[in-house]
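Novice: File follows, protein.pdb with PDB, C-alpha atoms, pLDDT in the B column:
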```pdb
ATOM      1  CA  VAL A   1      77.484  51.158 221.457  1.00 70.00           C
ATOM      2  CA  ARG A   2      75.907  47.927 222.708  1.00 72.00           C
ATOM      3  CA  GLN A   3      72.794  49.753 223.851  1.00 76.00           C
ATOM      4  CA  GLN A   4      72.464  51.526 220.491  1.00 70.00           C
ATOM      5  CA  THR A   5      72.852  48.210 218.671  1.00 67.00           C
ATOM      6  CA  ARG A   6      70.131  46.652 220.827  1.00 69.00           C
ATOM      7  CA  GLN A   7      67.747  49.530 220.186  1.00 71.00           C
ATOM      8  CA  HIS A   8      68.392  50.097 216.478  1.00 72.00           C
ATOM      9  CA  GLY A   9      69.564  46.669 215.334  1.00 69.00           C
ATOM     10  CA  ARG A  10      72.603  45.772 213.269  1.00 66.00           C
ATOM     11  CA  ARG A  11      73.271  47.389 209.926  1.00 69.00           C
ATOM     12  CA  LEU A  12      73.492  44.753 207.244  1.00 66.00           C
ATOM     13  CA  THR A  13      75.408  45.404 204.076  1.00 70.00           C
ATOM     14  CA  GLN A  14      74.432  44.075 200.673  1.00 75.00           C
ATOM     15  CA  THR A  15      76.469  40.947 201.394  1.00 80.00           C
ATOM     16  CA  THR A  16      76.515  39.602 204.933  1.00 79.00           C
ATOM     17  CA  THR A  17      78.510  36.744 206.405  1.00 82.00           C
ATOM     18  CA  ALA A  18      77.474  35.714 209.888  1.00 82.00           C
ATOM     19  CA  HIS A  19      77.060  32.862 212.327  1.00 83.00           C
ATOM     20  CA  ILE A  20      73.655  31.214 212.262  1.00 85.00           C
ATOM     21  CA  LEU A  21      72.736  32.388 215.756  1.00 83.00           C
ATOM     22  CA  LEU A  22      73.071  36.013 214.619  1.00 83.00           C
ATOM     23  CA  LEU A  23      70.718  35.402 211.696  1.00 82.00           C
ATOM     24  CA  LYS A  24      67.764  33.991 213.633  1.00 82.00           C
ATOM     25  CA  GLY A  25      64.634  35.930 212.795  1.00 83.00           C
ATOM     26  CA  LEU A  26      66.144  37.566 209.703  1.00 85.00           C
ATOM     27  CA  GLU A  27      65.455  36.810 206.052  1.00 88.00           C
ATOM     28  CA  PHE A  28      67.640  37.387 203.019  1.00 89.00           C
ATOM     29  CA  ASP A  29      67.010  37.177 199.281  1.00 91.00           C
ATOM     30  CA  HIS A  30      69.704  34.537 198.852  1.00 92.00           C
ATOM     31  CA  ALA A  31      71.369  32.208 201.357  1.00 93.00           C
ATOM     32  CA  ILE A  32      74.456  30.027 201.070  1.00 93.00           C
ATOM     33  CA  VAL A  33      75.073  27.262 203.594  1.00 94.00           C
ATOM     34  CA  ILE A  34      78.637  25.950 203.756  1.00 93.00           C
ATOM     35  CA  ASP A  35      79.420  22.566 205.361  1.00 91.00           C
ATOM     36  CA  PRO A  36      75.917  21.861 206.697  1.00 92.00           C
ATOM     37  CA  GLU A  37      77.113  18.532 208.116  1.00 90.00           C
ATOM     38  CA  GLN A  38      78.825  20.551 210.875  1.00 91.00           C
ATOM     39  CA  LEU A  39      75.440  21.848 212.138  1.00 91.00           C
ATOM     40  CA  ASN A  40      72.942  20.263 214.494  1.00 92.00           C
ATOM     41  CA  THR A  41      69.327  19.888 213.391  1.00 91.00           C
ATOM     42  CA  ASN A  42      68.123  23.158 214.937  1.00 91.00           C
ATOM     43  CA  ASN A  43      70.873  25.279 213.391  1.00 91.00           C
ATOM     44  CA  LEU A  44      70.518  23.491 210.051  1.00 92.00           C
ATOM     45  CA  TYR A  45      66.814  24.352 210.022  1.00 92.00           C
ATOM     46  CA  VAL A  46      67.612  28.026 210.707  1.00 92.00           C
ATOM     47  CA  ALA A  47      70.268  28.073 207.974  1.00 92.00           C
ATOM     48  CA  LEU A  48      68.006  26.436 205.391  1.00 93.00           C
ATOM     49  CA  THR A  49      65.097  28.810 206.015  1.00 93.00           C
ATOM     50  CA  ARG A  50      66.916  32.177 205.717  1.00 92.00           C
ATOM     51  CA  GLY A  51      66.762  32.573 201.924  1.00 92.00           C
ATOM     52  CA  LYS A  52      63.563  33.986 200.390  1.00 92.00           C
ATOM     53  CA  ARG A  53      64.489  33.553 196.712  1.00 95.00           C
ATOM     54  CA  SER A  54      67.292  31.017 196.595  1.00 95.00           C
ATOM     55  CA  LEU A  55      69.325  28.626 198.698  1.00 95.00           C
ATOM     56  CA  ALA A  56      72.728  27.167 197.811  1.00 95.00           C
ATOM     57  CA  ILE A  57      74.264  24.342 199.830  1.00 94.00           C
ATOM     58  CA  ILE A  58      77.998  23.739 199.522  1.00 94.00           C
ATOM     59  CA  THR A  59      79.077  20.356 200.843  1.00 93.00           C
ATOM     60  CA  ARG A  60      81.181  17.332 199.954  1.00 91.00           C
ATOM     61  CA  ALA A  61      78.584  14.917 201.351  1.00 88.00           C
ATOM     62  CA  ALA A  62      76.067  13.197 199.078  1.00 88.00           C
ATOM     63  CA  ALA A  63      73.269  13.615 201.656  1.00 86.00           C
ATOM     64  CA  LEU A  64      72.632  16.009 204.532  1.00 82.00           C
ATOM     65  CA  GLN A  65      73.204  14.338 207.878  1.00 82.00           C
ATOM     66  CA  PRO A  66      73.194  16.948 210.649  1.00 79.00           C
ATOM     67  CA  LEU A  67      74.870  16.346 213.975  1.00 81.00           C
ATOM     68  CA  ALA A  68      72.619  14.845 216.638  1.00 73.00           C
TER
END
```
Represent the structure contained in this file as structure tokens.
Specialist:
Amino acid sequence: VRQQTRQHGRRLTQTTTAHILLLKGLEFDHAIVIDPEQLNTNNLYVALTRGKRSLAIITRAAALQPLA
């Protein structure tokens, strides 16, 4: 199963929830980032650049301050 997944890739449904590391290199029409203050700068960049049409950020903070 692992070998087949490596060769053919993962099947993504219409709605996908995943960890940022699994989304590297992929693009989606819409992206939602929840609690971005929990991410470091590299992962925040990946999360913010996944959406082609829209991006929604859900946070309680007034400004984005990623972890160092």
Novice: Of the candidates A:Ala31, A:Thr13, A:Pro36, A:Arg2, which one gets nearest to Ala62 in chain A if we count all atoms listed in the file?
Specialist: A:Pro36
Novice: To test your reading of the syntax: which residues would the PyMOL selection byres ((chain A and resi 32) around 9) return for the file shown? Reply as a list in words.
Specialist: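 The output of the PyMOL selection byres ((chain A and resi 32) around 9) on this file is His30, Ala31, Val33, Ile34, Ala47, Leu48, Gly51, Ser54, Leu55, Ala56, Ile57 and Ile58 of chain A.
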Novice: Can you list, as a PDB file with C-alpha atoms, in the frame of the given file, the residues that the PyMOL selection byres ((chain A and resi 38-41) around 6) selects here?
Specialist:
```pdb
ATOM      1  CA  ASP A  35      79.420  22.566 205.361  1.00 91.00           C
ATOM      2  CA  PRO A  36      75.917  21.861 206.697  1.00 92.00           C
ATOM      3  CA  GLU A  37      77.113  18.532 208.116  1.00 90.00           C
ATOM      4  CA  ASN A  42      68.123  23.158 214.937  1.00 91.00           C
ATOM      5  CA  ASN A  43      70.873  25.279 213.391  1.00 91.00           C
ATOM      6  CA  LEU A  44      70.518  23.491 210.051  1.00 92.00           C
ATOM      7  CA  PRO A  66      73.194  16.948 210.649  1.00 79.00           C
ATOM      8  CA  LEU A  67      74.870  16.346 213.975  1.00 81.00           C
ATOM      9  CA  ALA A  68      72.619  14.845 216.638  1.00 73.00           C
TER      10      ALA A  68
END
```
Novice: I'd like to see the residues matched by the PyMOL selection byres ((chain A and resi 21) around 12) on this file, and ideally I'd get them as an NGL selection string.
Specialist: :A and (17-20 or 22-26 or 39 or 42-47 or 50)
Novice: Generate the output file for the selected residues, C-alpha atoms, as a short mmCIF file (atom, residue, chain, number, x, y, z; two decimals), in the frame of the given file.
Specialist:
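part-v3.cif, written as the output of this step:
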```cif
data_model
loop_
_atom_site.label_atom_id
_atom_site.label_comp_id
_atom_site.auth_asym_id
_atom_site.auth_seq_id
_atom_site.Cartn_x
_atom_site.Cartn_y
_atom_site.Cartn_z
CA THR A 17 78.51 36.74 206.40
CA ALA A 18 77.47 35.71 209.89
CA HIS A 19 77.06 32.86 212.33
CA ILE A 20 73.66 31.21 212.26
CA LEU A 22 73.07 36.01 214.62
CA LEU A 23 70.72 35.40 211.70
CA LYS A 24 67.76 33.99 213.63
CA GLY A 25 64.63 35.93 212.80
CA LEU A 26 66.14 37.57 209.70
CA LEU A 39 75.44 21.85 212.14
CA ASN A 42 68.12 23.16 214.94
CA ASN A 43 70.87 25.28 213.39
CA LEU A 44 70.52 23.49 210.05
CA TYR A 45 66.81 24.35 210.02
CA VAL A 46 67.61 28.03 210.71
CA ALA A 47 70.27 28.07 207.97
CA ARG A 50 66.92 32.18 205.72
#
```
Novice: Report the distance between CA of Asp29 in chain A and CA of Lys52 in chain A in Å, rounded to one decimal place.
Specialist: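 Atom-to-atom, CA of Asp29 in chain A and CA of Lys52 in chain A are spaced 4.8 Å apart.
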Novice: From the coordinates I just gave you, please extract range 25-44 of chain A so that only N, CA and C atoms remain, then output it as a PDB file, in the first residue's frame.
Specialist:
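The result, written out as result.pdb:
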```pdb
ATOM      1  N   GLY A  25       3.789  21.441  -1.724  1.00  0.00           N
ATOM      2  CA  GLY A  25       3.793  21.160  -3.155  1.00  0.00           C
ATOM      3  C   GLY A  25       2.413  21.039  -3.772  1.00  0.00           C
ATOM      4  N   LEU A  26       1.368  21.076  -2.964  1.00  0.00           N
ATOM      5  CA  LEU A  26       0.002  20.962  -3.480  1.00  0.00           C
ATOM      6  C   LEU A  26      -0.681  22.322  -3.428  1.00  0.00           C
ATOM      7  N   GLU A  27      -1.643  22.520  -4.309  1.00  0.00           N
ATOM      8  CA  GLU A  27      -2.450  23.738  -4.290  1.00  0.00           C
ATOM      9  C   GLU A  27      -3.919  23.362  -4.216  1.00  0.00           C
ATOM     10  N   PHE A  28      -4.698  24.235  -3.604  1.00  0.00           N
ATOM     11  CA  PHE A  28      -6.129  24.021  -3.458  1.00  0.00           C
ATOM     12  C   PHE A  28      -6.841  25.311  -3.832  1.00  0.00           C
ATOM     13  N   ASP A  29      -8.105  25.212  -4.222  1.00  0.00           N
ATOM     14  CA  ASP A  29      -8.867  26.413  -4.552  1.00  0.00           C
ATOM     15  C   ASP A  29      -9.006  27.317  -3.337  1.00  0.00           C
ATOM     16  N   HIS A  30      -9.283  26.732  -2.188  1.00  0.00           N
ATOM     17  CA  HIS A  30      -9.514  27.501  -0.973  1.00  0.00           C
ATOM     18  C   HIS A  30      -8.691  26.882   0.159  1.00  0.00           C
ATOM     19  N   ALA A  31      -8.158  27.709   1.022  1.00  0.00           N
ATOM     20  CA  ALA A  31      -7.383  27.227   2.167  1.00  0.00           C
ATOM     21  C   ALA A  31      -7.863  27.935   3.428  1.00  0.00           C
ATOM     22  N   ILE A  32      -7.893  27.196   4.516  1.00  0.00           N
ATOM     23  CA  ILE A  32      -8.245  27.740   5.823  1.00  0.00           C
ATOM     24  C   ILE A  32      -7.107  27.399   6.772  1.00  0.00           C
ATOM     25  N   VAL A  33      -6.567  28.400   7.420  1.00  0.00           N
ATOM     26  CA  VAL A  33      -5.482  28.207   8.381  1.00  0.00           C
ATOM     27  C   VAL A  33      -6.046  28.496   9.769  1.00  0.00           C
ATOM     28  N   ILE A  34      -5.954  27.509  10.654  1.00  0.00           N
ATOM     29  CA  ILE A  34      -6.482  27.641  12.004  1.00  0.00           C
ATOM     30  C   ILE A  34      -5.315  27.751  12.979  1.00  0.00           C
ATOM     31  N   ASP A  35      -5.376  28.727  13.870  1.00  0.00           N
ATOM     32  CA  ASP A  35      -4.341  28.988  14.874  1.00  0.00           C
ATOM     33  C   ASP A  35      -2.950  29.119  14.252  1.00  0.00           C
ATOM     34  N   PRO A  36      -2.744  30.088  13.377  1.00  0.00           N
ATOM     35  CA  PRO A  36      -1.435  30.237  12.741  1.00  0.00           C
ATOM     36  C   PRO A  36      -0.323  30.612  13.720  1.00  0.00           C
ATOM     37  N   GLU A  37      -0.675  31.119  14.896  1.00  0.00           N
ATOM     38  CA  GLU A  37       0.351  31.472  15.874  1.00  0.00           C
ATOM     39  C   GLU A  37       1.070  30.242  16.426  1.00  0.00           C
ATOM     40  N   GLN A  38       0.543  29.052  16.167  1.00  0.00           N
ATOM     41  CA  GLN A  38       1.176  27.811  16.605  1.00  0.00           C
ATOM     42  C   GLN A  38       2.218  27.315  15.604  1.00  0.00           C
ATOM     43  N   LEU A  39       2.375  27.999  14.467  1.00  0.00           N
ATOM     44  CA  LEU A  39       3.281  27.562  13.405  1.00  0.00           C
ATOM     45  C   LEU A  39       4.570  28.376  13.411  1.00  0.00           C
ATOM     46  N   ASN A  40       5.662  27.743  12.957  1.00  0.00           N
ATOM     47  CA  ASN A  40       6.886  28.515  12.773  1.00  0.00           C
ATOM     48  C   ASN A  40       6.810  29.219  11.418  1.00  0.00           C
ATOM     49  N   THR A  41       7.786  30.035  11.106  1.00  0.00           N
ATOM     50  CA  THR A  41       7.712  30.854   9.898  1.00  0.00           C
ATOM     51  C   THR A  41       7.662  30.026   8.626  1.00  0.00           C
ATOM     52  N   ASN A  42       8.409  28.932   8.565  1.00  0.00           N
ATOM     53  CA  ASN A  42       8.402  28.097   7.357  1.00  0.00           C
ATOM     54  C   ASN A  42       7.040  27.440   7.132  1.00  0.00           C
ATOM     55  N   ASN A  43       6.472  26.866   8.172  1.00  0.00           N
ATOM     56  CA  ASN A  43       5.171  26.214   8.038  1.00  0.00           C
ATOM     57  C   ASN A  43       4.056  27.227   7.802  1.00  0.00           C
ATOM     58  N   LEU A  44       4.177  28.410   8.387  1.00  0.00           N
ATOM     59  CA  LEU A  44       3.181  29.456   8.144  1.00  0.00           C
ATOM     60  C   LEU A  44       3.209  29.870   6.677  1.00  0.00           C
TER      61      LEU A  44
END
```
